[in-house]
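Here's the structure, in structure tokens; my notes come after.
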Amino acid sequence: MIQFKALASRLRHEELRVGNSNEEFGVDVNRRAVPDVPPGENIVISDFPSVEDRLNELGIGEVPYVAVLPRNFETASDAKALILESSASELRILGRKAGVDVETFARFGAREIQENDIFTIVGIVWMSSQALKNAAPIVKLLQSIVDFAKSRSTTREKSEIELELVQEFVVGNGRESKRLTYKGPASKLVDIIPTLQASLRRNEDHGGVSSPELNNGQ
Amino acid sequence: MASKKRIDVSTPRGLLDAFESDEAGMRSVRSATYDISKKHSFDSELRHIMKHVQAQIENIRHERPDEATDWRAVQCYVESLQHETTMWIAISNNNASAAWSCFCEAEREALLAVRHLPNYGPADRQLIHIREVERVVFPPQRLFLSSSLIVAPEDVTCSVCGTVYGECDHLAGEIYGGILALKVTNGLDAVREVSFVENPSSKHCRILEVAGVDPLTGVPPKKVTRAARRERKKR
């Protein structure tokens, strides 16, 4: 619900900035290209740059164990230029219900983009190595994200879901992030949970964090 | 209702049962070939039922929020039927633009009804039916419009409790105590773009005129004068 009369008036008086390119707009709001998902599949795993380093560059410092990363997280010049997906608020609510504190960066001045397309972008959910040590609430959160995304799209025709999970692993003395990208229909989104569990088990085999809850399939 | 069955309006389930028992009759009234006067009478009946449902929600939403939520779900289904009936009336009046608006509302309410009335067959069939109506009655529309807006999170509030959206536990699209939760955008920071999309979130955002012709009808759109708009409002 937008008050269009007020909007038209503000546009007339040039109070609002209007632009479609990053130069005009002043902030890079374009989404990063997600990795190509092979035909016939919905999930792909790829590397992701260090979230911790980027948070320090942006002057944010430490954040709680789980965060919804803004769409221009890798390119934004400072925290105030961050642009959140509109589903970030929903993920925060779902996190609270699952007992997980989810950071959305709104308190650092990040703004939200509202795009009225049928394509559902859930966003990039970052899970720190600390969060993955206690995986039960994370799996609960993931299950509620899956249910939420499904309820928003199952009754719509031709709708697709895009969800990225970034997992941080401890490897030796350092940390490494892996990105799990899902792109496809809501009905197959539930496949992302066993893929996440398998990915964590593989990491354990290589000396990464231990996650007994995930191994028990909770 | 199409047949003269007595409607039990005291409970949400009773009202749904009444609709279910006469689904075929209702559909015939809503079909393209039925007598227009019967459509008008069905339309006014549905409006009357909606008023009753709204009054029920208002009366009980503080004392019995769960029952109010059930009533709101029923309201979605009744609204879909009512908008569809109005759509047929608009078509018979040769008003394509109004018919399209009514179709959009009928589809939106049918979607909500399917989500909030699980395992209620007529709601599922209404959604299938209304989409078939779109395919058969309206010319195919390939392009819609979608806006891309930048807002500050604190300018988005919850329609249920009025606090900043995300601070409360109300999820947009769900019903709480008879109120449909929505994200209310109270201010804009910037307009990024308006783009062409095939699958918009709102089918109201269509192109009204291309080279002097309404793509929905193939003829120039009717210009609505201020006087005509005032006259319509009075009516």
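Residues in the structure tokens are numbered from 1 in each chain, the chains being A, B, ... in the order shown, and ligands are numbered from 1 in the order shown.
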Can you write out as JSON lines which residues of chain B fall within 8 Å of chain A, alongside each residue's closest atom pair and its distance in Å to one decimal, counting only C-alpha atoms and ordering rows by chain and ascending residue number?
{"residue": "B:Leu111", "atom": "CA", "partner": "A:Thr155", "partner_atom": "CA", "distance": 6.3}
{"residue": "B:Val114", "atom": "CA", "partner": "A:Thr155", "partner_atom": "CA", "distance": 7.5}
{"residue": "B:Arg115", "atom": "CA", "partner": "A:Ser151", "partner_atom": "CA", "distance": 7.4}
{"residue": "B:Ser146", "atom": "CA", "partner": "A:Asn116", "partner_atom": "CA", "distance": 5.2}
{"residue": "B:Ser147", "atom": "CA", "partner": "A:Asn116", "partner_atom": "CA", "distance": 5.9}
{"residue": "B:Ser148", "atom": "CA", "partner": "A:Glu115", "partner_atom": "CA", "distance": 4.5}
{"residue": "B:Leu149", "atom": "CA", "partner": "A:Gln114", "partner_atom": "CA", "distance": 5.1}
{"residue": "B:Ile150", "atom": "CA", "partner": "A:Ile113", "partner_atom": "CA", "distance": 4.6}
{"residue": "B:Val151", "atom": "CA", "partner": "A:Glu112", "partner_atom": "CA", "distance": 5.2}
{"residue": "B:Ala152", "atom": "CA", "partner": "A:Arg111", "partner_atom": "CA", "distance": 4.8}
{"residue": "B:Pro153", "atom": "CA", "partner": "A:Glu112", "partner_atom": "CA", "distance": 6.1}
{"residue": "B:Tyr165", "atom": "CA", "partner": "A:Ser89", "partner_atom": "CA", "distance": 6.8}
{"residue": "B:Gly166", "atom": "CA", "partner": "A:Ser89", "partner_atom": "CA", "distance": 4.7}
{"residue": "B:Glu167", "atom": "CA", "partner": "A:Ile93", "partner_atom": "CA", "distance": 7.5}
{"residue": "B:Cys168", "atom": "CA", "partner": "A:Ile93", "partner_atom": "CA", "distance": 7.4}
{"residue": "B:Asp169", "atom": "CA", "partner": "A:Ile93", "partner_atom": "CA", "distance": 5.8}
{"residue": "B:His170", "atom": "CA", "partner": "A:Ile93", "partner_atom": "CA", "distance": 7.8}
{"residue": "B:Leu171", "atom": "CA", "partner": "A:Glu90", "partner_atom": "CA", "distance": 6.5}
{"residue": "B:Lys183", "atom": "CA", "partner": "A:Met1", "partner_atom": "CA", "distance": 7.5}
{"residue": "B:Val184", "atom": "CA", "partner": "A:Met1", "partner_atom": "CA", "distance": 5.4}
{"residue": "B:Thr185", "atom": "CA", "partner": "A:Ile2", "partner_atom": "CA", "distance": 5.6}
{"residue": "B:Asn186", "atom": "CA", "partner": "A:Ile2", "partner_atom": "CA", "distance": 6.7}
{"residue": "B:Gly187", "atom": "CA", "partner": "A:Ile2", "partner_atom": "CA", "distance": 7.8}
{"residue": "B:Leu188", "atom": "CA", "partner": "A:Leu7", "partner_atom": "CA", "distance": 7.7}
{"residue": "B:Asp189", "atom": "CA", "partner": "A:Leu16", "partner_atom": "CA", "distance": 6.7}
{"residue": "B:Ala190", "atom": "CA", "partner": "A:Arg17", "partner_atom": "CA", "distance": 5.2}
{"residue": "B:Val191", "atom": "CA", "partner": "A:Val18", "partner_atom": "CA", "distance": 5.0}
{"residue": "B:Arg192", "atom": "CA", "partner": "A:Gly19", "partner_atom": "CA", "distance": 5.3}
{"residue": "B:Glu193", "atom": "CA", "partner": "A:Asn20", "partner_atom": "CA", "distance": 5.4}
{"residue": "B:Val197", "atom": "CA", "partner": "A:Asp117", "partner_atom": "CA", "distance": 7.0}
{"residue": "B:Asn199", "atom": "CA", "partner": "A:Ile118", "partner_atom": "CA", "distance": 5.5}
{"residue": "B:Pro200", "atom": "CA", "partner": "A:Asp117", "partner_atom": "CA", "distance": 4.6}
{"residue": "B:Ser201", "atom": "CA", "partner": "A:Ile118", "partner_atom": "CA", "distance": 4.8}
{"residue": "B:Ser202", "atom": "CA", "partner": "A:Asn116", "partner_atom": "CA", "distance": 7.4}
Quick one: write out the picked residues with N, CA and C atoms as a CSV table (one decimal), in the first residue's frame?
chain,number,residue,atom,x,y,z
B,111,LEU,N,-6.7,-16.7,-4.2
B,111,LEU,CA,-5.4,-17.1,-3.7
B,111,LEU,C,-5.3,-17.1,-2.2
B,114,VAL,N,-7.5,-20.0,-0.8
B,114,VAL,CA,-6.8,-21.3,-0.9
B,114,VAL,C,-5.8,-21.4,0.2
B,115,ARG,N,-5.1,-20.3,0.5
B,115,ARG,CA,-4.1,-20.4,1.6
B,115,ARG,C,-4.7,-20.6,3.0
B,146,SER,N,6.2,-3.5,-13.2
B,146,SER,CA,6.7,-3.8,-11.8
B,146,SER,C,7.6,-2.6,-11.4
B,147,SER,N,7.2,-2.1,-10.2
B,147,SER,CA,8.1,-1.0,-9.7
B,147,SER,C,9.2,-1.5,-8.8
B,148,SER,N,10.2,-0.8,-8.7
B,148,SER,CA,11.3,-1.1,-7.8
B,148,SER,C,11.6,0.1,-7.0
B,149,LEU,N,11.3,0.0,-5.7
B,149,LEU,CA,11.4,1.1,-4.8
B,149,LEU,C,12.4,0.9,-3.7
B,150,ILE,N,13.0,2.0,-3.2
B,150,ILE,CA,13.9,1.9,-2.1
B,150,ILE,C,13.2,2.5,-0.9
B,151,VAL,N,13.1,1.8,0.2
B,151,VAL,CA,12.5,2.4,1.4
B,151,VAL,C,13.4,2.1,2.6
B,152,ALA,N,13.2,3.0,3.6
B,152,ALA,CA,13.9,2.8,4.9
B,152,ALA,C,13.1,1.8,5.6
B,153,PRO,N,13.7,0.7,6.3
B,153,PRO,CA,12.9,-0.3,7.0
B,153,PRO,C,12.0,0.3,8.0
B,165,TYR,N,7.6,-3.0,10.7
B,165,TYR,CA,7.5,-4.4,10.3
B,165,TYR,C,8.8,-5.1,10.5
B,166,GLY,N,8.7,-6.3,11.2
B,166,GLY,CA,9.9,-7.1,11.5
B,166,GLY,C,10.1,-7.0,13.0
B,167,GLU,N,9.6,-5.9,13.7
B,167,GLU,CA,9.8,-5.8,15.1
B,167,GLU,C,8.8,-6.7,15.8
B,168,CYS,N,7.6,-6.8,15.2
B,168,CYS,CA,6.5,-7.7,15.7
B,168,CYS,C,6.6,-9.1,15.1
B,169,ASP,N,5.7,-10.0,15.5
B,169,ASP,CA,5.7,-11.3,15.0
B,169,ASP,C,4.7,-11.6,13.9
B,170,HIS,N,4.1,-10.5,13.4
B,170,HIS,CA,3.1,-10.7,12.3
B,170,HIS,C,3.7,-10.8,10.9
B,171,LEU,N,3.4,-11.9,10.2
B,171,LEU,CA,4.0,-12.1,8.9
B,171,LEU,C,3.0,-11.6,7.8
B,183,LYS,N,2.4,-5.4,4.7
B,183,LYS,CA,3.4,-4.4,5.0
B,183,LYS,C,2.9,-3.1,4.4
B,184,VAL,N,2.8,-2.1,5.3
B,184,VAL,CA,2.3,-0.8,4.9
B,184,VAL,C,3.5,0.1,4.7
B,185,THR,N,3.8,0.6,3.4
B,185,THR,CA,4.9,1.4,3.1
B,185,THR,C,4.4,2.9,3.3
B,186,ASN,N,5.0,3.6,4.3
B,186,ASN,CA,4.5,4.9,4.6
B,186,ASN,C,5.4,6.0,3.9
B,187,GLY,N,6.5,5.7,3.4
B,187,GLY,CA,7.4,6.7,2.8
B,187,GLY,C,8.4,6.0,1.9
B,188,LEU,N,8.8,6.8,0.9
B,188,LEU,CA,9.8,6.2,0.0
B,188,LEU,C,11.1,7.0,0.0
B,189,ASP,N,12.2,6.3,-0.1
B,189,ASP,CA,13.5,7.0,-0.2
B,189,ASP,C,13.8,7.3,-1.6
B,190,ALA,N,13.6,6.4,-2.5
B,190,ALA,CA,13.9,6.6,-3.9
B,190,ALA,C,13.1,5.6,-4.8
B,191,VAL,N,12.9,6.1,-6.1
B,191,VAL,CA,12.3,5.2,-7.0
B,191,VAL,C,13.4,4.7,-8.0
B,192,ARG,N,13.6,3.4,-8.0
B,192,ARG,CA,14.7,3.0,-8.8
B,192,ARG,C,14.3,2.8,-10.3
B,193,GLU,N,13.2,2.1,-10.5
B,193,GLU,CA,12.8,1.8,-11.9
B,193,GLU,C,11.4,1.3,-12.0
B,197,VAL,N,7.5,-6.8,-16.8
B,197,VAL,CA,7.6,-8.1,-16.4
B,197,VAL,C,6.5,-9.0,-16.9
B,199,ASN,N,5.3,-11.8,-15.2
B,199,ASN,CA,4.6,-12.3,-14.1
B,199,ASN,C,4.6,-11.3,-12.9
B,200,PRO,N,3.7,-10.3,-12.9
B,200,PRO,CA,3.8,-9.3,-11.9
B,200,PRO,C,3.2,-9.8,-10.6
B,201,SER,N,3.5,-9.1,-9.5
B,201,SER,CA,2.8,-9.5,-8.2
B,201,SER,C,1.4,-8.9,-8.2
B,202,SER,N,1.2,-7.9,-9.0
B,202,SER,CA,-0.2,-7.3,-9.1
B,202,SER,C,-0.5,-7.2,-10.6
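Proximity to stretch 54-58 of chain B at 10 Å, evaluated using only C-alpha atoms and with sequence-adjacent residues fewer than 2 positions away removed, yields Val9, Ser10, Thr11, Pro12, His48, Ile49, Met50, Lys51, His52, Ile60, Arg61, His62, Arg64, Pro65, Glu67, Ala68, Thr69, Asp70, Trp71, Arg72, Gln75, Gly177, Gly178 and Ile179 of chain B.
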Limited to C-alpha atoms, could you put the picked residues into a file as a compact mmCIF listing (two decimals), in the first residue's frame?
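And here is the file that came out, result10.txt:
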# COMPACT_ATOMS: atom_id res chain seq x y z
CA VAL B 9 -24.62 -17.62 8.84
CA SER B 10 -23.97 -18.13 12.52
CA THR B 11 -20.62 -19.93 12.08
CA PRO B 12 -17.87 -19.73 9.44
CA HIS B 48 -25.05 -8.49 2.03
CA ILE B 49 -23.21 -11.64 3.21
CA MET B 50 -19.90 -9.76 3.19
CA LYS B 51 -21.37 -7.01 5.37
CA HIS B 52 -22.54 -9.68 7.81
CA ILE B 60 -15.55 -10.86 18.04
CA ARG B 61 -12.02 -9.95 17.09
CA HIS B 62 -10.98 -8.92 20.60
CA ARG B 64 -12.36 -14.59 20.08
CA PRO B 65 -9.45 -13.78 17.73
CA GLU B 67 -12.86 -17.36 15.27
CA ALA B 68 -12.40 -13.87 13.77
CA THR B 69 -9.50 -15.28 11.73
CA ASP B 70 -11.78 -18.07 10.44
CA TRP B 71 -14.36 -15.46 9.43
CA ARG B 72 -11.68 -13.43 7.60
CA GLN B 75 -14.48 -13.41 3.66
CA GLY B 177 -7.48 -11.92 14.87
CA GLY B 178 -9.46 -11.31 11.69
CA ILE B 179 -6.98 -8.82 10.22
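The closest residue to B:Ile207, picked from B:Phe19, B:Tyr120, B:Phe144, B:Trp88 and counting only C-alpha atoms, is B:Phe144.
Between atom CA of B:Ala181 and atom CA of B:Cys158 lies a distance of 6.7 Å.
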Next item on the list: Just list the residues in stretch 54-200 of chain B DSSP gives strand (DSSP E) on the backbone, as a ChimeraX atom specification.
Entry: /B:144-151,156-158,175-176,179-180,183-185,190-197
Next item on the list: Mind listing the helix (DSSP H, G or I) residues of stretch 143-189 of chain A, per DSSP on the backbone, as JSON, numbers by chain?
Entry: {"A": [143, 144, 145, 146, 147, 148, 149, 150, 151, 152, 153, 186, 187, 188, 189]}
Just to be explicit: take each residue in the selection above, keep C-alpha atoms, and write the result as a PDB file, in the first residue's frame.
ATOM      1  CA  GLN A 143      12.566 -25.463   7.751  1.00  0.00           C
ATOM      2  CA  SER A 144      10.475 -22.382   8.533  1.00  0.00           C
ATOM      3  CA  ILE A 145      12.128 -20.498   5.640  1.00  0.00           C
ATOM      4  CA  VAL A 146      11.208 -23.393   3.336  1.00  0.00           C
ATOM      5  CA  ASP A 147       7.604 -23.393   4.626  1.00  0.00           C
ATOM      6  CA  PHE A 148       7.397 -19.609   4.319  1.00  0.00           C
ATOM      7  CA  ALA A 149       8.707 -19.596   0.735  1.00  0.00           C
ATOM      8  CA  LYS A 150       6.363 -22.432  -0.216  1.00  0.00           C
ATOM      9  CA  SER A 151       3.300 -20.745   1.273  1.00  0.00           C
ATOM     10  CA  ARG A 152       4.127 -17.581  -0.683  1.00  0.00           C
ATOM     11  CA  SER A 153       4.411 -19.302  -4.015  1.00  0.00           C
ATOM     12  CA  ALA A 186       9.023 -23.924  -4.306  1.00  0.00           C
ATOM     13  CA  SER A 187       8.052 -27.596  -4.298  1.00  0.00           C
ATOM     14  CA  LYS A 188      11.705 -28.697  -4.512  1.00  0.00           C
ATOM     15  CA  LEU A 189      13.075 -26.153  -2.041  1.00  0.00           C
TER      16      LEU A 189
END
Check: Which residues come within 6 Å of B:Ala106, counting only C-alpha atoms, excluding same-chain residues fewer than 3 positions away, as a PyMOL selection string?
Finding: chain B and resi 80+83-84+103+109
Could you dump the residues just selected with N, CA and C atoms as a PDB file, in the first residue's frame?
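What landed in part27.pdb:
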ATOM      1  N   SER B  80     -13.990 -13.202  -3.411  1.00  0.00           N
ATOM      2  CA  SER B  80     -13.602 -13.675  -4.741  1.00  0.00           C
ATOM      3  C   SER B  80     -14.844 -13.900  -5.604  1.00  0.00           C
ATOM      4  N   HIS B  83     -16.364 -10.433  -6.525  1.00  0.00           N
ATOM      5  CA  HIS B  83     -15.607  -9.714  -7.559  1.00  0.00           C
ATOM      6  C   HIS B  83     -15.805 -10.368  -8.920  1.00  0.00           C
ATOM      7  N   GLU B  84     -15.929 -11.694  -8.918  1.00  0.00           N
ATOM      8  CA  GLU B  84     -16.139 -12.368 -10.206  1.00  0.00           C
ATOM      9  C   GLU B  84     -17.502 -11.982 -10.786  1.00  0.00           C
ATOM     10  N   PHE B 103     -11.447  -8.908 -12.120  1.00  0.00           N
ATOM     11  CA  PHE B 103     -10.797 -10.222 -12.251  1.00  0.00           C
ATOM     12  C   PHE B 103      -9.573 -10.293 -11.324  1.00  0.00           C
ATOM     13  N   GLU B 109      -8.183 -12.639  -4.103  1.00  0.00           N
ATOM     14  CA  GLU B 109      -8.937 -13.169  -2.959  1.00  0.00           C
ATOM     15  C   GLU B 109      -9.006 -14.697  -3.018  1.00  0.00           C
TER      16      GLU B 109
END
Notebook entry, point to check: How many Å separate atom CA of B:Gly173 from atom CA of A:Glu162?
Noted result: 19.4 Å
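When only C-alpha atoms are used to measure the gap to B:Lys223, the shortest distance among B:Ser97, B:Gln126, B:Asn119, B:Gln82 belongs to B:Ser97.
In this structure, atom CA of B:Arg47 sits 28.9 Å away from atom CA of B:Leu208.
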Next item on the list: Pick out the closest residue to A:Val125 from this set: A:Ala79, A:Val66, A:Ala98, A:Val171. Count only C-alpha atoms.
Entry: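 So, comparing all the options, the nearest one is A:Val66.
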Check: Pick from A:Ala76, A:Glu103, A:Ile45, A:Val122: nearest to A:Glu62, with only C-alpha atoms counted?
Finding: A:Glu103
Checklist line | Residue among A:Ile43, A:Asp101, A:Asp191, A:Lys133 lying closest to A:Pro64, counting only C-alpha atoms | finding: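 Nearest candidate to A:Pro64 out of A:Ile43, A:Asp101, A:Asp191, A:Lys133: A:Asp101.
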